[in-house]
Amino acid sequence: MINLLRYLKNFKFSIGVSLLLIAIRALAELYLPTLSADMVNIGIVNRDIEYILHVGSWMLIITAAGIAAFILAGYLSSKATAGFARILREEVFSRVESFSLQEFDRFGTASLINRTTNDITQVQNFLVFALRMIVMVPILGAGCIVLAFSRDAILALVFVVVTPVILAVIFFFMRQGLPLFKIMQEKLDRLNLIVREGLTGIRVIRAFNRDSYEKQRFERANFEYAATGLRVNRLMEAMTPLITLIMNLSIIAIVWFGGIRIDLGFTNVGDLMAFIQYAMQVLYSFIAISRMFLIIPRATASAARINEVLNTKPQILDGPAEKQPQDQKTRGHVEFKDVTFRYPEAKRPVLRNISFRAGPGEVTAIIGSTGSGKSTLVHLMLRLYDVDSGSILIDGVDVREMPQKSLREKISFVPQKTILFSGTILDNICYGREDAGSEEVLRAAEIAQAMEFISEMKDGFSSPVAQGGKNLSGGQRQRLAIARALLKKADIYIFDDSFSALDYATEARLRRALAQEMAGATLFIISQRINTVKNADRIIVLDKGRIAGIGTHEELMASCDIYREIVVSQLSEEETA
């Protein structure tokens, strides 16, 4: 928690003024019982109406000033904590954006969303309450006890007995509640994960009639979260009435022993009234403390989860300095040198001893069975993961020695799973190059064969795209993703199974257009369709993470059994021949 307080440094003035105003409110609250006691002991006992009116007027003024100070302090503290939460969300989001896929795999998307939203809100709520109580509670608590001793030291011993008992109760409940709040946040992570899967996968769920199963999953997770919440709240809510009971018993003791001392002449009625007000204010202080300790465990657990994100250093970092290729004319050369890669916690490498070269003007196709490592290979090229051994060179420079921004500026990528963003068609095509002109956008859409459906839409390029492109077909989403990649104007283009949703005629037109447009670029095409890859300059056949063959279609038909099996399974005898 303490580590996060550094994000309050920009709000020192607001916090300082807020604490000062709260201190004024606390001092006003302390002064009121003294005035009340004097009104009784002097004004009422002596029937001095003028004194009663004078003291009563002062009490009204002090009360109004205290309320005004508290309202202004609340405004300033809320402004400071809202700014704190904004800065902290930006810091967490920025750190998450710097994560490699390994960190994303470690935390999980649902947990990262929860930490960025709910956890920061929990810390913000704690700070709002703490800034109001951090000054008021000590001043009221200590001040009331000091003033009580100044009025009647013997009667004030009631506070000496009661205070340690209440502190022990608060410590006990806090110790019991802290682990439960951590469990509660983990249950909330699980609940958010199920909700997210249910919303994003609604088409699959309904297609397989799994609505009832998903409902049961949600109900189980929701029940576990609610059960943990009930357990925590029952535990923590028991603290307030217990403290109230102890304080009410102490007030009874004050009245009991105060009445005896009045009867014996050791104290006055006004002093006893002041004592009761002191006791009520001490009760308020302890209730405030108990409420704070209701918030502290959950805020502490949330702060720990936030710090876990902020303290996590991305495993993929930029090199010490950017290295330039010796030949500045060399652009788009890619070389894999004996690359081996294993996913974290995996038993065996997904890629082993991969070596090949690709250059400008060449089309390199990668084919293989599901799970052979095709997509992983291009993820390593983009440096979404780092190789375990070997090296990947682009234009003669190891990708680990290049700034990630410079590396990815050289590459335009169409992922296997098409990702579109809410907005318009134009927004999505221009996502990688916002300064593109209208003619360039139109050209990219034509090459990607996207104008076929864009021109039929009522608003054309201004037509809306729903979140994830849910209002478009699979083929339409793929063509928009291809247009987005073409508009970037990179040295290297990677199409990861990007034609799978296209019919053969559209794919053929697209491949011809790509061949004309990208004659000088380096192309990587990952596909399981033989018709997509057979005309490539180089075909790499992957099998269980190893290269089973490299060559042209004709060379592999003669030398690679695995490639020949794939061809036979997809093409007729005439086409194979």
# chains A, B, ... in the order shown; residues from 1 in each chain; ligands from 1
>>> select_by_dssp(residues="range 253-345 of chain A", states="strand (DSSP E or B)", output="number ranges by chain")
A: 334-341
>>> residues_around(residues="Phe413 in chain A", least_positions_apart="6", cutoff="8 Å", atoms="only C-alpha atoms", output="VMD selection string")
chain A and resid 485 493 to 496
>>> write_last_selection(atoms="C-alpha atoms", output="PDB file, in the first residue's frame")
ATOM      1  CA  ALA A 485      -1.462  -4.534 -43.141  1.00  0.00           C
ATOM      2  CA  TYR A 493       4.649  -8.883 -44.539  1.00  0.00           C
ATOM      3  CA  ILE A 494       3.357 -11.837 -42.541  1.00  0.00           C
ATOM      4  CA  PHE A 495       0.006 -13.438 -43.355  1.00  0.00           C
ATOM      5  CA  ASP A 496      -0.770 -15.987 -40.641  1.00  0.00           C
TER       6      ASP A 496
END
>>> closest_residue(among="A:Arg479, A:Arg261, A:Lys187, A:Arg234", to="Ala444 in chain A", atoms="only C-alpha atoms")
A:Arg479
>>> residues_around(residues="range 44-48 of chain A", least_positions_apart="5", cutoff="10 Å", atoms="only C-alpha atoms", output="number ranges by chain")
A: 37-39, 53, 269-270
>>> closest_residue(among="A:Tyr504, A:Phe257, A:Phe181, A:Phe84", to="Lys12 in chain A", atoms="only C-alpha atoms")
A:Phe84
>>> closest_residue(among="A:Ile539, A:Val533, A:Val17, A:Met381", to="Arg400 in chain A", atoms="only C-alpha atoms")
A:Met381
>>> closest_residue(among="A:Ser391, A:Glu91, A:Ser250, A:Asp459", to="Leu157 in chain A", atoms="only C-alpha atoms")
A:Ser250
>>> residues_around(residues="Ile87 in chain A", least_positions_apart="3", cutoff="12 Å", atoms="only C-alpha atoms", output="list in words")
Leu4, Leu5, Arg6, Tyr7, Leu8, Lys9, Asn10, Phe11, Ala80, Thr81, Ala82, Gly83, Phe84, Glu90, Glu91, Val92, Phe93, Ser94, Thr116, Ile120 and Gln124 of chain A
